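Undergrad: Contents are TSV, C-alpha atoms and all ligand atoms; file name model.tsv:
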```tsv
chain	number	residue	atom	x	y	z
A	18	MET	CA	-19.88	-11.50	11.05
A	19	LYS	CA	-22.42	-8.78	10.40
A	20	TYR	CA	-23.46	-9.37	6.80
A	21	ASP	CA	-26.84	-10.43	5.55
A	22	PHE	CA	-26.07	-12.98	2.86
A	23	GLN	CA	-29.72	-14.00	2.48
A	24	PRO	CA	-30.43	-11.84	-0.63
A	25	ALA	CA	-27.27	-13.24	-2.28
A	26	CYS	CA	-28.21	-16.81	-1.32
A	27	ASP	CA	-31.75	-16.26	-2.64
A	28	LEU	CA	-30.41	-14.87	-5.92
A	29	LEU	CA	-28.04	-17.81	-6.30
A	30	ALA	CA	-30.53	-20.50	-5.29
A	31	ASP	CA	-32.26	-21.04	-8.66
A	32	LYS	CA	-29.23	-20.21	-10.84
A	33	GLN	CA	-27.19	-22.98	-12.40
A	34	LYS	CA	-24.71	-21.31	-14.79
A	35	VAL	CA	-22.54	-18.75	-13.05
A	36	MET	CA	-19.94	-16.45	-14.59
A	37	ILE	CA	-17.45	-14.98	-12.10
A	38	VAL	CA	-15.56	-11.90	-13.30
A	39	GLY	CA	-12.63	-10.03	-11.77
A	40	HIS	CA	-10.70	-6.92	-12.67
A	41	ILE	CA	-8.09	-6.03	-15.27
A	42	SER	CA	-4.43	-6.31	-14.22
A	43	PRO	CA	-5.59	-9.03	-11.84
A	44	ASP	CA	-4.08	-9.16	-8.36
A	45	GLY	CA	-4.09	-11.83	-5.66
A	46	ASP	CA	-7.39	-10.68	-4.19
A	47	THR	CA	-9.48	-10.60	-7.35
A	48	LEU	CA	-7.98	-13.90	-8.54
A	49	GLY	CA	-8.06	-15.64	-5.17
A	50	SER	CA	-11.64	-14.47	-4.55
A	51	ALA	CA	-12.85	-15.51	-8.02
A	52	LEU	CA	-11.16	-18.91	-7.96
A	53	GLY	CA	-12.13	-19.61	-4.34
A	54	LEU	CA	-15.74	-18.65	-5.00
A	55	ALA	CA	-15.79	-20.79	-8.16
A	56	ARG	CA	-14.47	-23.77	-6.26
A	57	GLY	CA	-17.00	-23.27	-3.48
A	58	LEU	CA	-19.95	-22.90	-5.86
A	59	ARG	CA	-18.91	-25.98	-7.83
A	60	LYS	CA	-19.11	-27.93	-4.58
A	61	LEU	CA	-22.77	-26.88	-4.49
A	62	GLY	CA	-23.26	-28.27	-7.99
A	63	LYS	CA	-23.14	-24.98	-9.89
A	64	GLN	CA	-21.57	-24.72	-13.34
A	65	VAL	CA	-19.02	-21.97	-13.14
A	66	ASN	CA	-16.82	-20.04	-15.55
A	67	VAL	CA	-14.18	-17.63	-14.29
A	68	VAL	CA	-13.44	-14.83	-16.74
A	69	PHE	CA	-10.63	-12.27	-16.72
A	70	GLN	CA	-9.80	-9.98	-19.60
A	71	ASP	CA	-6.09	-9.93	-18.72
A	72	ALA	CA	-3.72	-12.85	-18.28
A	73	VAL	CA	-2.89	-14.20	-14.83
A	74	PRO	CA	0.47	-12.80	-13.73
A	75	ARG	CA	3.18	-15.44	-13.58
A	76	HIS	CA	3.61	-15.28	-9.78
A	77	LEU	CA	-0.12	-16.05	-9.29
A	78	SER	CA	-0.32	-18.86	-11.82
A	79	PHE	CA	0.12	-21.39	-8.95
A	80	LEU	CA	-3.43	-20.62	-7.80
A	81	PRO	CA	-5.65	-23.71	-8.02
A	82	GLY	CA	-7.89	-23.30	-11.08
A	83	ALA	CA	-5.82	-20.49	-12.66
A	84	ALA	CA	-5.27	-22.58	-15.80
A	85	GLU	CA	-9.03	-22.82	-16.42
A	86	ILE	CA	-9.64	-19.07	-16.39
A	87	LEU	CA	-11.28	-17.92	-19.63
A	88	ARG	CA	-10.62	-14.76	-21.61
A	89	PRO	CA	-13.64	-12.89	-23.02
A	90	ASP	CA	-12.86	-13.94	-26.60
A	91	GLN	CA	-13.17	-17.61	-25.55
A	92	LEU	CA	-16.70	-17.19	-24.21
A	93	PRO	CA	-18.64	-17.84	-27.43
A	94	GLU	CA	-17.24	-21.41	-27.48
A	95	ALA	CA	-17.28	-21.97	-23.72
A	96	SER	CA	-19.51	-24.38	-21.80
A	97	TYR	CA	-22.25	-23.11	-19.46
A	98	MET	CA	-22.96	-20.09	-21.64
A	99	PRO	CA	-24.82	-17.82	-21.52
A	100	PRO	CA	-24.75	-17.57	-17.72
A	101	ASP	CA	-27.87	-17.01	-15.67
A	102	LEU	CA	-25.92	-15.15	-12.99
A	103	VAL	CA	-22.88	-12.86	-13.20
A	104	ILE	CA	-20.76	-12.34	-10.08
A	105	LEU	CA	-18.27	-9.48	-9.93
A	106	VAL	CA	-15.45	-9.78	-7.41
A	107	ASP	CA	-13.18	-6.92	-6.31
A	108	CYS	CA	-14.45	-4.54	-9.05
A	109	ALA	CA	-15.61	-1.06	-8.05
A	110	THR	CA	-16.84	-0.24	-11.55
A	111	LEU	CA	-17.88	-2.21	-14.63
A	112	GLU	CA	-14.98	-0.49	-16.40
A	113	ARG	CA	-12.60	-2.43	-14.17
A	114	THR	CA	-13.66	-5.66	-15.93
A	115	GLY	CA	-12.07	-4.49	-19.17
A	116	ASN	CA	-12.84	-2.94	-22.48
A	117	GLY	CA	-16.62	-3.32	-22.51
A	118	TRP	CA	-17.01	-7.07	-23.22
A	119	ILE	CA	-19.18	-7.33	-20.07
A	120	ASN	CA	-21.88	-5.28	-21.83
A	121	ASP	CA	-22.84	-8.44	-23.75
A	122	TYR	CA	-24.10	-9.82	-20.41
A	123	LEU	CA	-25.05	-6.84	-18.25
A	124	PRO	CA	-27.54	-5.49	-17.29
A	125	GLN	CA	-29.77	-8.19	-18.86
A	126	ILE	CA	-28.40	-11.00	-16.61
A	127	PRO	CA	-28.79	-10.73	-12.79
A	128	LEU	CA	-25.68	-9.46	-11.04
A	129	LEU	CA	-24.16	-10.20	-7.64
A	130	ILE	CA	-21.23	-8.11	-6.38
A	131	PHE	CA	-18.62	-8.86	-3.71
A	132	ASP	CA	-16.23	-6.00	-3.11
A	133	HIS	CA	-14.35	-3.81	-0.65
A	134	HIS	CA	-13.91	-0.55	-2.60
A	135	ALA	CA	-15.54	2.65	-1.34
A	136	LEU	CA	-15.60	4.80	-4.48
A	137	ARG	CA	-17.82	2.94	-6.91
A	138	ASP	CA	-20.40	2.94	-9.68
A	139	ASP	CA	-24.00	2.52	-8.70
A	140	ILE	CA	-24.73	-0.68	-10.65
A	141	PRO	CA	-28.11	-2.45	-10.27
A	142	ALA	CA	-27.17	-5.61	-8.37
A	143	VAL	CA	-27.38	-7.54	-5.16
A	144	SER	CA	-24.28	-6.04	-3.55
A	145	LEU	CA	-22.14	-7.13	-0.64
A	146	VAL	CA	-19.67	-4.31	-0.32
A	147	ASP	CA	-17.69	-3.25	2.73
A	148	PRO	CA	-14.87	-0.76	2.22
A	149	HIS	CA	-13.58	-1.47	5.73
A	150	LEU	CA	-12.59	-4.98	4.77
A	151	ALA	CA	-8.99	-5.70	3.90
A	152	ALA	CA	-9.87	-8.02	1.04
A	153	THR	CA	-12.79	-9.21	-1.02
A	154	ALA	CA	-11.59	-12.71	-0.10
A	155	GLU	CA	-12.77	-12.09	3.48
A	156	LEU	CA	-16.33	-11.61	2.20
A	157	ILE	CA	-16.05	-14.72	0.05
A	158	TYR	CA	-14.90	-16.68	3.10
A	159	TRP	CA	-18.00	-15.66	5.06
A	160	PHE	CA	-20.30	-16.14	2.09
A	161	LEU	CA	-19.10	-19.70	1.48
A	162	GLN	CA	-19.33	-20.37	5.20
A	163	SER	CA	-22.96	-19.15	5.18
A	164	LEU	CA	-23.65	-21.53	2.28
A	165	GLY	CA	-22.23	-24.42	4.31
A	166	VAL	CA	-19.46	-25.15	1.80
A	167	SER	CA	-16.83	-27.55	3.13
A	168	TRP	CA	-13.26	-26.21	3.24
A	169	ASP	CA	-10.34	-27.85	1.53
A	170	LEU	CA	-6.71	-26.99	1.02
A	171	ASP	CA	-7.06	-25.54	-2.50
A	172	LEU	CA	-10.03	-23.39	-1.48
A	173	ALA	CA	-8.00	-22.18	1.50
A	174	ARG	CA	-5.01	-21.36	-0.71
A	175	CYS	CA	-7.20	-19.20	-2.97
A	176	LEU	CA	-8.76	-17.15	-0.17
A	177	TYR	CA	-5.54	-16.94	1.82
A	178	THR	CA	-3.84	-15.50	-1.26
A	179	GLY	CA	-6.48	-12.77	-1.53
A	180	ILE	CA	-6.15	-11.79	2.12
A	181	CYS	CA	-2.39	-12.11	2.27
A	182	THR	CA	-1.77	-9.96	-0.82
A	183	ASP	CA	-4.26	-7.18	0.01
A	184	THR	CA	-2.84	-6.86	3.54
A	185	GLY	CA	0.74	-6.84	2.27
A	186	GLY	CA	1.43	-10.05	4.16
A	187	PHE	CA	-0.67	-8.95	7.20
A	188	ARG	CA	1.34	-5.75	7.60
A	189	PHE	CA	-1.16	-3.07	6.49
A	190	THR	CA	-3.56	-1.39	8.92
A	191	ASN	CA	-6.49	-3.05	7.13
A	192	THR	CA	-5.44	-6.25	8.97
A	193	ARG	CA	-8.07	-6.66	11.70
A	194	VAL	CA	-8.73	-9.29	14.35
A	195	HIS	CA	-11.18	-11.09	12.06
A	196	THR	CA	-8.61	-10.99	9.22
A	197	LEU	CA	-6.18	-13.02	11.28
A	198	GLN	CA	-8.95	-15.29	12.55
A	199	ILE	CA	-9.96	-16.10	8.96
A	200	ALA	CA	-6.32	-16.58	8.00
A	201	ALA	CA	-5.90	-18.96	10.95
A	202	GLU	CA	-8.92	-21.01	9.83
A	203	LEU	CA	-7.49	-21.17	6.32
A	204	LEU	CA	-4.04	-22.12	7.60
A	205	ALA	CA	-5.66	-24.96	9.53
A	206	GLN	CA	-6.51	-26.53	6.16
A	207	GLY	CA	-2.81	-27.25	5.81
A	208	ILE	CA	-1.45	-24.23	3.93
A	209	ASN	CA	2.30	-24.34	3.45
A	210	MET	CA	3.49	-20.90	4.58
A	211	GLU	CA	6.87	-21.24	2.93
A	212	GLU	CA	5.26	-22.07	-0.42
A	213	MET	CA	2.80	-19.18	-0.05
A	214	ARG	CA	5.43	-16.60	0.87
A	215	ILE	CA	7.69	-17.62	-1.98
A	216	ASN	CA	4.82	-17.68	-4.49
A	217	LEU	CA	3.34	-14.38	-3.39
A	218	PHE	CA	6.35	-12.30	-2.49
A	219	GLU	CA	9.56	-13.94	-3.65
A	220	SER	CA	8.90	-15.20	-7.16
A	221	ARG	CA	9.51	-12.13	-9.24
A	222	SER	CA	11.13	-12.32	-12.65
A	223	LEU	CA	14.55	-10.94	-13.47
A	224	GLY	CA	12.68	-8.52	-15.75
A	225	HIS	CA	10.77	-7.15	-12.76
A	226	LEU	CA	13.88	-6.71	-10.65
A	227	LYS	CA	15.59	-4.83	-13.50
A	228	MET	CA	12.57	-2.59	-14.08
A	229	LEU	CA	12.38	-1.93	-10.34
A	230	GLY	CA	16.06	-1.01	-10.32
A	231	LEU	CA	15.61	1.41	-13.23
A	232	ALA	CA	12.55	3.01	-11.63
A	233	LEU	CA	14.38	3.41	-8.29
A	234	LEU	CA	17.22	5.14	-10.13
A	235	ASN	CA	14.89	7.91	-11.32
A	236	MET	CA	13.12	8.28	-7.97
A	237	GLN	CA	12.54	11.85	-6.83
A	238	LYS	CA	11.11	13.39	-3.69
A	239	THR	CA	10.17	16.62	-1.99
A	240	ASP	CA	12.74	17.96	0.48
A	241	ASP	CA	10.70	16.72	3.43
A	242	ASN	CA	10.45	13.18	1.94
A	243	LYS	CA	6.65	13.28	2.21
A	244	LEU	CA	6.01	12.97	-1.52
A	245	VAL	CA	8.00	10.41	-3.52
A	246	TRP	CA	7.63	9.48	-7.14
A	247	CYS	CA	9.29	7.50	-9.90
A	248	SER	CA	8.36	6.49	-13.42
A	249	MET	CA	8.89	4.02	-16.21
A	250	ASP	CA	9.00	5.47	-19.73
A	251	ALA	CA	7.92	3.63	-22.86
A	252	VAL	CA	11.37	3.70	-24.48
A	253	THR	CA	13.00	1.95	-21.51
A	254	LYS	CA	10.24	-0.67	-21.42
A	255	GLU	CA	10.79	-1.35	-25.12
A	256	LYS	CA	14.56	-1.56	-24.69
A	257	TYR	CA	14.26	-4.17	-21.93
A	258	HIS	CA	11.25	-5.97	-23.50
A	259	ALA	CA	9.39	-5.38	-20.25
A	260	LEU	CA	6.16	-7.34	-19.69
A	261	PRO	CA	3.22	-5.69	-17.87
A	262	GLU	CA	3.89	-7.93	-14.88
A	263	ASP	CA	7.49	-6.70	-14.73
A	264	ILE	CA	6.11	-3.23	-13.96
A	265	ASP	CA	3.59	-4.47	-11.41
A	266	GLY	CA	4.51	-3.86	-7.78
A	267	ILE	CA	6.93	-0.99	-8.30
A	268	ALA	CA	4.47	1.51	-6.77
A	269	GLY	CA	4.72	-0.09	-3.33
A	270	GLU	CA	8.46	0.47	-3.24
A	271	THR	CA	7.94	4.25	-3.14
A	272	MET	CA	6.71	3.78	0.43
A	273	GLN	CA	10.07	2.49	1.64
A	274	LEU	CA	11.59	5.95	2.02
A	275	GLU	CA	11.74	7.20	5.59
A	276	GLY	CA	8.98	9.75	6.27
A	277	VAL	CA	7.06	9.23	3.02
A	278	LYS	CA	3.32	9.93	3.10
A	279	ILE	CA	2.41	9.75	-0.59
A	280	GLY	CA	4.13	7.57	-3.18
A	281	LEU	CA	3.41	7.74	-6.91
A	282	PHE	CA	4.49	5.56	-9.77
A	283	PHE	CA	3.95	6.60	-13.38
A	284	ASP	CA	3.83	3.90	-16.06
A	285	GLU	CA	3.86	5.27	-19.61
A	286	ARG	CA	1.70	3.15	-21.96
A	287	VAL	CA	2.54	4.45	-25.38
A	288	GLU	CA	0.26	2.06	-27.34
A	289	GLN	CA	-2.80	3.51	-25.59
A	290	GLY	CA	-1.41	7.04	-25.37
A	291	THR	CA	-1.89	6.96	-21.61
A	292	VAL	CA	-0.02	6.93	-18.32
A	293	LYS	CA	-1.15	4.59	-15.55
A	294	VAL	CA	-0.58	6.22	-12.19
A	295	SER	CA	-0.36	4.02	-9.11
A	296	MET	CA	-0.75	5.85	-5.81
A	297	ARG	CA	0.07	4.86	-2.25
A	298	GLY	CA	-0.65	6.80	0.93
A	299	ARG	CA	-0.44	6.50	4.69
A	300	ASP	CA	-1.18	8.32	7.97
A	301	GLY	CA	-4.38	9.97	6.70
A	302	TYR	CA	-3.01	11.02	3.31
A	303	ASN	CA	-5.92	9.76	1.21
A	304	VAL	CA	-4.74	8.78	-2.25
A	305	GLY	CA	-8.19	7.34	-3.07
A	306	LYS	CA	-9.33	10.97	-3.28
A	307	LEU	CA	-6.32	11.89	-5.41
A	308	ALA	CA	-7.03	9.09	-7.93
A	309	ALA	CA	-10.71	10.08	-8.07
A	310	GLU	CA	-9.69	13.60	-9.17
A	311	PHE	CA	-8.31	11.97	-12.32
A	312	GLY	CA	-11.21	9.59	-12.93
A	313	GLY	CA	-9.66	6.63	-11.11
A	314	GLY	CA	-10.38	5.08	-7.75
A	315	GLY	CA	-9.26	2.63	-5.12
A	316	HIS	CA	-8.68	2.79	-1.40
A	317	TYR	CA	-7.34	5.56	0.79
A	318	ALA	CA	-3.98	3.81	1.03
A	319	ALA	CA	-3.73	2.34	-2.51
A	320	SER	CA	-5.36	3.74	-5.60
A	321	GLY	CA	-4.78	4.31	-9.27
A	322	CYS	CA	-5.94	6.02	-12.43
A	323	THR	CA	-5.17	6.12	-16.13
A	324	ILE	CA	-4.65	9.52	-17.74
A	325	SER	CA	-4.31	10.43	-21.44
A	326	GLY	CA	-0.93	11.82	-22.48
A	327	ASN	CA	2.75	11.01	-22.04
A	328	LEU	CA	4.92	11.26	-18.92
A	329	ALA	CA	5.91	14.87	-19.62
A	330	GLU	CA	2.26	15.86	-19.81
A	331	VAL	CA	0.80	13.75	-17.03
A	332	MET	CA	3.43	13.91	-14.28
A	333	PRO	CA	3.27	17.69	-13.59
A	334	LYS	CA	-0.52	17.59	-13.30
A	335	VAL	CA	-0.57	14.69	-10.85
A	336	LEU	CA	2.38	16.00	-8.84
A	337	ALA	CA	0.66	19.39	-8.49
A	338	ALA	CA	-2.52	17.69	-7.25
A	339	ALA	CA	-0.47	15.54	-4.85
A	340	GLU	CA	1.19	18.67	-3.43
A	341	VAL	CA	-2.28	20.13	-2.81
A	342	LEU	CA	-3.34	16.92	-1.05
A	343	LEU	CA	-0.17	17.07	1.07
A	344	LYS	CA	-0.91	20.63	2.18
A	345	GLU	CA	-4.62	20.00	2.76
A	346	THR	CA	-3.93	16.88	4.82
A	347	GLU	CA	-1.17	18.57	6.81
A	348	ALA	CA	-3.55	21.43	7.62
A	349	LYS	CA	-6.24	18.96	8.67
A	350	LEU	CA	-3.88	16.95	10.87
A	351	SER	CA	-2.21	19.90	12.60
A	401	LIG	P1	-2.43	-0.29	-8.50
A	401	LIG	O1	-1.75	0.97	-8.11
A	401	LIG	O2	-1.80	-1.47	-7.90
A	401	LIG	O3	-2.67	-0.39	-9.95
A	401	LIG	O4	-3.87	-0.19	-7.91
A	401	LIG	C1	-4.11	-0.05	-6.53
A	401	LIG	C2	-5.59	-0.06	-6.30
A	401	LIG	O5	-6.15	1.09	-6.92
A	401	LIG	C3	-6.30	-1.24	-6.96
A	401	LIG	O6	-6.47	-2.26	-6.05
A	401	LIG	C4	-7.62	-0.66	-7.33
A	401	LIG	O7	-8.46	-0.72	-6.22
A	401	LIG	C5	-7.36	0.79	-7.57
A	401	LIG	N1	-7.23	1.20	-8.97
A	401	LIG	C6	-6.12	1.22	-9.73
A	401	LIG	N2	-6.35	1.75	-10.94
A	401	LIG	C7	-7.66	2.09	-10.95
A	401	LIG	C8	-8.52	2.70	-11.91
A	401	LIG	O8	-8.12	3.06	-13.03
A	401	LIG	N3	-9.81	2.89	-11.55
A	401	LIG	C9	-10.28	2.53	-10.32
A	401	LIG	N4	-11.58	2.75	-10.04
A	401	LIG	N5	-9.51	1.97	-9.39
A	401	LIG	C10	-8.21	1.75	-9.68
A	402	MN	MN	-8.99	-6.31	-3.33
```
Would you put the structure from the file into structure tokens?
TA:
Amino acid sequence: MKYDFQPACDLLADKQKVMIVGHISPDGDTLGSALGLARGLRKLGKQVNVVFQDAVPRHLSFLPGAAEILRPDQLPEASYMPPDLVILVDCATLERTGNGWINDYLPQIPLLIFDHHALRDDIPAVSLVDPHLAATAELIYWFLQSLGVSWDLDLARCLYTGICTDTGGFRFTNTRVHTLQIAAELLAQGINMEEMRINLFESRSLGHLKMLGLALLNMQKTDDNKLVWCSMDAVTKEKYHALPEDIDGIAGETMQLEGVKIGLFFDERVEQGTVKVSMRGRDGYNVGKLAAEFGGGGHYAASGCTISGNLAEVMPKVLAAAEVLLKETEAKLS
């Protein structure tokens, strides 16, 4: 482990009230990292609040501590407020924490960041950021280890969830030797693999499966299969009373087509007048760059952005940019 946690430990040392914050549309890594870190810091006697603007998706509500997560509007009445340290986990920008509520606390309160995103804001903070890591939860594992925190099953379940979800169940190329070593250490705490797999990958709602089916029905592709896209329009979501979590996870399915290099999923959000675009890439086709062109971000293999307009307006623009990325990458690789 090559990280210098000393500045983070020094920052933490004289702080008592800690607020841990993750990103909007929370996933297994931001939730697992936040809840694992909270549990670890409480073992050291810290008073910790975990704050997420958006609700915990149903399939992650099993996470130990998920029920105690606060929403920003609950903070005025919450214990341990105001915090004397804010910790951001898995957030490349302050915008990722939500609609600006964090500005009540930053930059006036010291900030510590744990993350694994490359494209990011330059925020004044003590930062532990490594874009080569599969998951923020890996960093949290090492940080808690450096603090001498004792492991337990619930702590292991939190961090394992972060690593397992961000590696797609240890299938993505971000899975390294140390990733599996950490996972093995966490498993040794007594994790039930069957429970984990079912919670993380096989607990979707009927609503999700129906939305997935409808999105797959409108899937399109270039003749060579390299670019694949599908969408979910606002009228269909309304008709099926789709929840945000029903739409979550559809993007990944675009990568199931044989020969695909770039997969796009367009989610029309009529209340905000925007379309959320989720992007997936492989084999050197860097969708992190594609998302950045539209003001978003993420990793080279998984990224996203939110663009003003409806599907008819947004899709042609993004598809044109994706075609350019295809050609540029092909030229580079040949
Ligand atoms: P998803 O497609 O699942 O929404 O997001 C995949 C990844 O892209 C996320 O883990 C996150 O890193 C990144 N991402 C998605 N949307 C945005 C966005 O609007 N801004 C930034 N900076 N990153 C995003
Ligand atoms: Mn992550």
Undergrad: Each residue of chain A with at least one atom at most 6 Å from ligand MN 402 (chain A) should appear once, together with its nearest atom pair and the corresponding distance in Å (one decimal); atoms considered: only C-alpha atoms and all ligand atoms; ordering: chain, then increasing residue number; output as a Markdown table.
TA:
```
| residue | atom | partner | partner_atom | distance |
| --- | --- | --- | --- | --- |
| A:Asp46 | CA | A:MN402 | MN | 4.7 |
| A:Thr47 | CA | A:MN402 | MN | 5.9 |
| A:Asp107 | CA | A:MN402 | MN | 5.2 |
| A:Ala152 | CA | A:MN402 | MN | 4.8 |
| A:Thr153 | CA | A:MN402 | MN | 5.3 |
| A:Asp183 | CA | A:MN402 | MN | 5.9 |
```
Undergrad: Any chance you can output those residues with C-alpha atoms as a PDB file, in the frame of the given file?
TA:
```
ATOM      1  CA  ASP A  46      -7.390 -10.680  -4.190  1.00  0.00           C
ATOM      2  CA  THR A  47      -9.480 -10.600  -7.350  1.00  0.00           C
ATOM      3  CA  ASP A 107     -13.180  -6.920  -6.310  1.00  0.00           C
ATOM      4  CA  ALA A 152      -9.870  -8.020   1.040  1.00  0.00           C
ATOM      5  CA  THR A 153     -12.790  -9.210  -1.020  1.00  0.00           C
ATOM      6  CA  ASP A 183      -4.260  -7.180   0.010  1.00  0.00           C
TER       7      ASP A 183
END
```
Undergrad: Give me, as a list in words, the set of residues whose atoms come within 6 Å of any atom of ligand LIG 401 (chain A), counting all atoms listed in the file.
TA: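 Final answer, ordered by chain and number: Ala109, Ser295, Met296, Gly313, Gly314, Gly315, His316, Ala319, Ser320, Gly321, Cys322 and Thr323 of chain A.
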Undergrad: How would you write as a VMD selection string the residues that get within 9 Å of (-19.9, -5.7, 10.2) in the file's frame, counting only C-alpha atoms?
TA: chain A and resid 18 to 20 147 149
Undergrad: Kindly save the residues from that selection, with C-alpha atoms included, as an mmCIF file, keeping the file's coordinate frame.
TA:
```cif
data_model
loop_
_atom_site.group_PDB
_atom_site.id
_atom_site.type_symbol
_atom_site.label_atom_id
_atom_site.label_comp_id
_atom_site.auth_asym_id
_atom_site.auth_seq_id
_atom_site.Cartn_x
_atom_site.Cartn_y
_atom_site.Cartn_z
ATOM 1 C CA MET A 18 -19.880 -11.500 11.050
ATOM 2 C CA LYS A 19 -22.420 -8.780 10.400
ATOM 3 C CA TYR A 20 -23.460 -9.370 6.800
ATOM 4 C CA ASP A 147 -17.690 -3.250 2.730
ATOM 5 C CA HIS A 149 -13.580 -1.470 5.730
#
```
Undergrad: Contacts of stretch 190-193 of chain A at 7 Å or less, counting all atoms listed in the file, minus same-chain residues fewer than 4 places along, as a VMD selection string?
TA: chain A and resid 150 to 151 184 197
Undergrad: Hey, can you pull every residue with an atom no more than 12 Å from (-17.1, -27.2, -21.9), using all atoms listed in the file, and send it as a PyMOL selection string?
TA: chain A and resi 34+64-66+85+87+91-98
Undergrad: Work out how far apart atom CA of A:Phe311 and atom CA of A:Ser248 are and give it in Å to one decimal.
TA: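 So the answer is 17.6 Å.
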Undergrad: So which one's closest to A:Glu262, A:Cys26, A:Leu123, A:Val67, A:Ala72? Using all atoms listed in the file, please.
TA: A:Ala72
Undergrad: Rounded to one decimal in Å, what is the spacing between atom CA of A:Phe218 and atom CA of A:Pro81?
TA: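 Atom CA of A:Pro81 lies 17.5 Å from atom CA of A:Phe218.
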Undergrad: So what do you get for atom CA of A:Ile130 versus atom CA of A:Ile104, distance-wise?
TA: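 About the pair atom CA of A:Ile130 and atom CA of A:Ile104: they are 5.6 Å apart.
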Undergrad: In terms of the shortest atom-to-atom distance over all atoms listed in the file, which of A:Leu244, A:Leu260, A:Leu204, A:Val194 is closest to A:Ser222?
TA: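 Smallest separation from A:Ser222 among the options: A:Leu260.
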Undergrad: Using only C-alpha atoms, which of A:Cys108, A:Ile126, A:Ile157, A:Ile215 sits nearest A:Cys175?
TA: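 Closest candidate: A:Ile157.
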